[in-house]
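Right, one structure below, let's go through it.
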Amino acid sequence: MASGSKVLIQTGALFANPFQIGDLAVFDDETLWRVCLSERANIPFEILVLSLRNAPDMLRWRVQRRLTRQQRLHMRALQQHPCTDEDIEHAQRVLLDRLFWELTYWKTPELYEELTQGEHLHPSIFPQFAQDIRGKDVLDIGAGSGRATFECLRYGASRVYAVEPSPGLRRILERKLSSMAGAARIVSCSGYFEDLPLEDESVDLALSCSAFTSFPGQGGEAGLAELKRVTRPGGKIILIWPRIEDRAWLEEHKFVYVSLSNQREMYVRFRSYEAALECARRFYARNHEVARYVLTRQSAEVPFSILGMHPPCEYCWLQV
Ligand SMILES: C[S@@+](CC[C@H](N)C(=O)[O-])C[C@H]1O[C@@H](n2cnc3c(N)ncnc32)[C@H](O)[C@@H]1O
């Protein structure tokens, strides 16, 4: 297991969570505020205060200085309440599970890369909108380590803005870029759905792969408004591999859904057997079928049906 000496916390979530409260220090101030304190984060204040009781002083201070006066008073009152080590541990487990994916993107981007580099999109997705990419300015928001960004380059985009908040994932994207023809056509930078670092009407296509959801912190109404703002009239917004749960929300917002058929079952093809096992144990820890499948077949390839995931064969689009 890639968890070092840390205790793995098993909760209702599918993953095994190796993170500890001090790991929150990996976030920059803006992200710390977004994921812990903003309204969009939706973290109960009591959980946050309890979690921070035995956190490193520096981390506590970084959170405290972003509090409003009222929150400071509330925090002081909560700190007067007696609590046990179990109360603190429980609060931390709740908080760290809520932040598992953010911590993964920021703290262990290489392992996240192991997970996603084997998740190949349906081969017909990009050909479907090739004409929306060729010679066009494209935004890939929540670009991660570049899964969709590099496809846009391959399909002849004249410029791709790869916008991604996690510095670790951006570094992986930039590392791949350094050995790639056409690298000058990619602009990699930090940014969020709700506050895109682009001018009005600056791209022909705004796309997002496995990142935009209807949740306010991961897109939502504010994120969609931003995608519309930066897209030129007549351009498109395309969301690749949206969450099944968001289909009604997206259709209400006039997105057209496209589901591509599969002749054969789709597989995640990990880089190696060892990588498959490591990802199974971290990201699918509670689905014992996954590790069993990898171990019994000594296989680096796992069907989406075993992972219990909908395969990446859908996208939806909206004309701006
Ligand atoms: C599941 S990953 C997908 C990454 C990449 N698009 C891919 O297909 O591999 C979700 C990505 O969205 C980014 N993200 C999370 N919240 C975001 C926000 N509010 N604005 C922009 N990106 C965000 C994460 O840092 C992460 O890289």
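In the structure tokens, the first chain shown is A, the next is B, and so on; residue numbers restart at 1 for each chain, and ligands run from 1 in the order shown.
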If you run DSSP over the backbone, which residues in range 45-245 of chain A end up alpha helix (DSSP H)? Put them as a ChimeraX atom specification. /A:45-51,57-64,69-80,85-98,100-107,109-117,125-128,147-154,167-177,220-230
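Residue neighbourhood of Glu265 in chain A, excluding near-sequence residues (fewer than 3 positions): Asn262, Pro303 and Phe304 of chain A, at 8 Å, using only C-alpha atoms.
Proximal residues of ligand 1 are Glu102, Tyr105, Thr116, Ile141, Gly142, Ala143, Gly144, Ser145, Gly146, Arg147, Ala148, Glu164, Pro165, Ser166, Leu169, Gly191, Tyr192, Phe193, Glu194, Ser208, Cys209, Ser210, Ala211, Gly217, Gln218 and Gly219 of chain A, by a cut-off of 7 Å on only C-alpha atoms and all ligand atoms.
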Distance query Cys83 in chain A at most 10 Å, only C-alpha atoms, self and fewer than 5 positions along chain excluded, as a PyMOL selection string: chain A and resi 50+53+78+88
Residues within 10 Å of Ile43 in chain A, only C-alpha atoms, excluding chain neighbours under 5 positions, as a PyMOL selection string: chain A and resi 35-38+48+94-95+98-99
Name all residues at most 9 Å from Ile306 in chain A (count only C-alpha atoms; drop same-chain ones fewer than 4 positions away) and give them as a ChimeraX atom specification. /A:287,289-290,293,302
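Here CA of Ala285 in chain A is placed at a distance of 11.5 Å from CA of Pro18 in chain A.
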Skipping near chain neighbours, those fewer than 3 positions away, what residues fall within 12 Å of Lys136 in chain A using only C-alpha atoms, listed as a PyMOL selection string? chain A and resi 129-133+139+152-153+155-161+185+202-206+231-232+235-236
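When only C-alpha atoms are used to compute distances to Arg93 in chain A, the closest of the residues A:Leu196, A:Ala13, A:Met309, A:Leu295 turns out to be A:Ala13.
Between Phe27 in chain A and the residues A:Trp241, A:Phe150, A:Trp106, A:Tyr112, the shortest atom-to-atom distance, using only C-alpha atoms, involves A:Trp106.
The nearest approach to Tyr315 in chain A among the residues A:Tyr267, A:Ser259, A:Thr31, A:Leu96, with only C-alpha atoms taken into account, belongs to A:Ser259.
Minimum atom-to-atom distance to Ala248 in chain A, evaluated using only C-alpha atoms, belongs to A:Thr213 out of A:Gln263, A:Gln80, A:Thr104, A:Thr213.
When DSSP reads the backbone of this structure, the residues of range 119-188 of chain A it assigns to strand (DSSP E or B) are A:Asp137, A:Val138, A:Leu139, A:Asp140, A:Ile141, A:Arg159, A:Val160, A:Tyr161, A:Ala162, A:Val163, A:Ile186, A:Val187, A:Ser188.
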Save out the residues we just selected, all heavy atoms, as a compact mmCIF listing (two decimals), in the first residue's frame.
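File part03.txt, as written:
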# COMPACT_ATOMS: atom_id res chain seq x y z
N ASP A 137 -9.69 28.20 -30.77
CA ASP A 137 -9.18 28.45 -29.41
C ASP A 137 -10.07 27.67 -28.45
O ASP A 137 -11.29 27.81 -28.48
CB ASP A 137 -9.28 29.94 -29.08
CG ASP A 137 -8.33 30.77 -29.94
OD1 ASP A 137 -7.26 30.25 -30.29
OD2 ASP A 137 -8.68 31.92 -30.26
N VAL A 138 -9.40 26.87 -27.61
CA VAL A 138 -10.14 25.95 -26.74
C VAL A 138 -9.73 26.17 -25.28
O VAL A 138 -8.55 26.41 -25.00
CB VAL A 138 -9.83 24.48 -27.14
CG1 VAL A 138 -10.57 23.50 -26.24
CG2 VAL A 138 -10.19 24.22 -28.59
N LEU A 139 -10.70 26.06 -24.40
CA LEU A 139 -10.41 26.05 -22.96
C LEU A 139 -10.65 24.63 -22.45
O LEU A 139 -11.68 24.03 -22.75
CB LEU A 139 -11.36 27.01 -22.22
CG LEU A 139 -11.50 26.79 -20.70
CD1 LEU A 139 -10.21 27.14 -19.97
CD2 LEU A 139 -12.66 27.63 -20.15
N ASP A 140 -9.68 24.09 -21.69
CA ASP A 140 -9.90 22.83 -20.97
C ASP A 140 -9.83 23.19 -19.49
O ASP A 140 -8.75 23.44 -18.95
CB ASP A 140 -8.84 21.79 -21.35
CG ASP A 140 -9.01 20.48 -20.56
OD1 ASP A 140 -10.08 20.29 -19.94
OD2 ASP A 140 -8.07 19.65 -20.57
N ILE A 141 -10.98 23.23 -18.83
CA ILE A 141 -11.00 23.66 -17.42
C ILE A 141 -11.11 22.43 -16.50
O ILE A 141 -11.89 21.52 -16.77
CB ILE A 141 -12.12 24.71 -17.16
CG1 ILE A 141 -12.34 24.95 -15.66
CG2 ILE A 141 -13.43 24.33 -17.82
CD1 ILE A 141 -11.24 25.67 -14.98
N ARG A 159 -5.02 27.01 -30.17
CA ARG A 159 -4.54 27.32 -28.82
C ARG A 159 -5.41 26.56 -27.82
O ARG A 159 -6.63 26.46 -28.02
CB ARG A 159 -4.66 28.81 -28.55
CG ARG A 159 -4.15 29.24 -27.19
CD ARG A 159 -4.05 30.73 -27.15
NE ARG A 159 -3.21 31.22 -28.23
CZ ARG A 159 -2.02 31.77 -28.06
NH1 ARG A 159 -1.52 31.90 -26.87
NH2 ARG A 159 -1.31 32.21 -29.09
N VAL A 160 -4.78 26.02 -26.76
CA VAL A 160 -5.55 25.37 -25.70
C VAL A 160 -5.14 25.99 -24.37
O VAL A 160 -3.97 25.96 -24.00
CB VAL A 160 -5.31 23.84 -25.61
CG1 VAL A 160 -6.28 23.21 -24.61
CG2 VAL A 160 -5.44 23.17 -26.96
N TYR A 161 -6.10 26.58 -23.67
CA TYR A 161 -5.85 27.07 -22.32
C TYR A 161 -6.16 25.92 -21.38
O TYR A 161 -7.32 25.50 -21.26
CB TYR A 161 -6.76 28.25 -22.00
CG TYR A 161 -6.53 29.44 -22.89
CD1 TYR A 161 -7.33 29.67 -24.01
CD2 TYR A 161 -5.48 30.33 -22.64
CE1 TYR A 161 -7.11 30.76 -24.85
CE2 TYR A 161 -5.25 31.42 -23.48
CZ TYR A 161 -6.08 31.62 -24.58
OH TYR A 161 -5.84 32.70 -25.41
N ALA A 162 -5.12 25.36 -20.75
CA ALA A 162 -5.30 24.26 -19.80
C ALA A 162 -5.33 24.88 -18.42
O ALA A 162 -4.30 25.29 -17.89
CB ALA A 162 -4.16 23.27 -19.93
N VAL A 163 -6.53 24.99 -17.85
CA VAL A 163 -6.68 25.68 -16.57
C VAL A 163 -6.93 24.65 -15.48
O VAL A 163 -7.87 23.85 -15.57
CB VAL A 163 -7.84 26.70 -16.64
CG1 VAL A 163 -8.02 27.41 -15.30
CG2 VAL A 163 -7.58 27.73 -17.74
N ILE A 186 -0.14 25.39 -26.19
CA ILE A 186 -0.83 25.15 -24.92
C ILE A 186 -0.41 26.19 -23.88
O ILE A 186 0.78 26.44 -23.70
CB ILE A 186 -0.57 23.73 -24.38
CG1 ILE A 186 -1.19 22.72 -25.36
CG2 ILE A 186 -1.15 23.54 -22.98
CD1 ILE A 186 -1.19 21.30 -24.90
N VAL A 187 -1.40 26.81 -23.25
CA VAL A 187 -1.13 27.75 -22.17
C VAL A 187 -1.64 27.11 -20.89
O VAL A 187 -2.85 26.88 -20.75
CB VAL A 187 -1.88 29.08 -22.41
CG1 VAL A 187 -1.60 30.06 -21.27
CG2 VAL A 187 -1.54 29.67 -23.76
N SER A 188 -0.72 26.79 -19.98
CA SER A 188 -1.12 26.12 -18.73
C SER A 188 -1.17 27.16 -17.62
O SER A 188 -0.22 27.92 -17.43
CB SER A 188 -0.08 25.03 -18.44
OG SER A 188 -0.08 24.71 -17.09
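For the pair CA of Arg243 in chain A and CA of Cys316 in chain A, the separation is 10.8 Å.
Residue nearest Ser272 in chain A within the list A:Val230, A:Glu221, A:Leu115, A:Pro311: A:Leu115 [criterion: smallest interatomic distance, only C-alpha atoms].
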Surrounding residues of His120 in chain A excluding itself and chain neighbours under 5 positions, 8 Å, only C-alpha atoms, as a PDB file with all heavy atoms, in the first residue's frame:
ATOM      1  N   VAL A 268     -10.334  -0.183 -17.837  1.00  0.00           N
ATOM      2  CA  VAL A 268      -9.266   0.727 -17.434  1.00  0.00           C
ATOM      3  C   VAL A 268      -7.965  -0.056 -17.612  1.00  0.00           C
ATOM      4  O   VAL A 268      -7.846  -1.181 -17.124  1.00  0.00           O
ATOM      5  CB  VAL A 268      -9.415   1.179 -15.958  1.00  0.00           C
ATOM      6  CG1 VAL A 268      -8.218   2.027 -15.547  1.00  0.00           C
ATOM      7  CG2 VAL A 268     -10.694   1.963 -15.771  1.00  0.00           C
ATOM      8  N   ARG A 269      -7.023   0.531 -18.345  1.00  0.00           N
ATOM      9  CA  ARG A 269      -5.759  -0.167 -18.608  1.00  0.00           C
ATOM     10  C   ARG A 269      -4.642   0.532 -17.836  1.00  0.00           C
ATOM     11  O   ARG A 269      -4.097   1.533 -18.311  1.00  0.00           O
ATOM     12  CB  ARG A 269      -5.459  -0.188 -20.109  1.00  0.00           C
ATOM     13  CG  ARG A 269      -6.572  -0.898 -20.877  1.00  0.00           C
ATOM     14  CD  ARG A 269      -6.326  -0.979 -22.381  1.00  0.00           C
ATOM     15  NE  ARG A 269      -7.586  -1.199 -23.090  1.00  0.00           N
ATOM     16  CZ  ARG A 269      -8.258  -2.344 -23.115  1.00  0.00           C
ATOM     17  NH1 ARG A 269      -7.776  -3.402 -22.500  1.00  0.00           N
ATOM     18  NH2 ARG A 269      -9.412  -2.445 -23.757  1.00  0.00           N
ATOM     19  N   PRO A 312     -16.408   5.935 -19.656  1.00  0.00           N
ATOM     20  CA  PRO A 312     -16.362   7.278 -20.259  1.00  0.00           C
ATOM     21  C   PRO A 312     -16.809   7.272 -21.719  1.00  0.00           C
ATOM     22  O   PRO A 312     -15.998   7.423 -22.627  1.00  0.00           O
ATOM     23  CB  PRO A 312     -14.896   7.670 -20.125  1.00  0.00           C
ATOM     24  CG  PRO A 312     -14.156   6.398 -19.984  1.00  0.00           C
ATOM     25  CD  PRO A 312     -15.067   5.359 -19.449  1.00  0.00           C
TER      26      PRO A 312
END
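CA of Gly223 in chain A lies 15.0 Å from CA of Glu201 in chain A.
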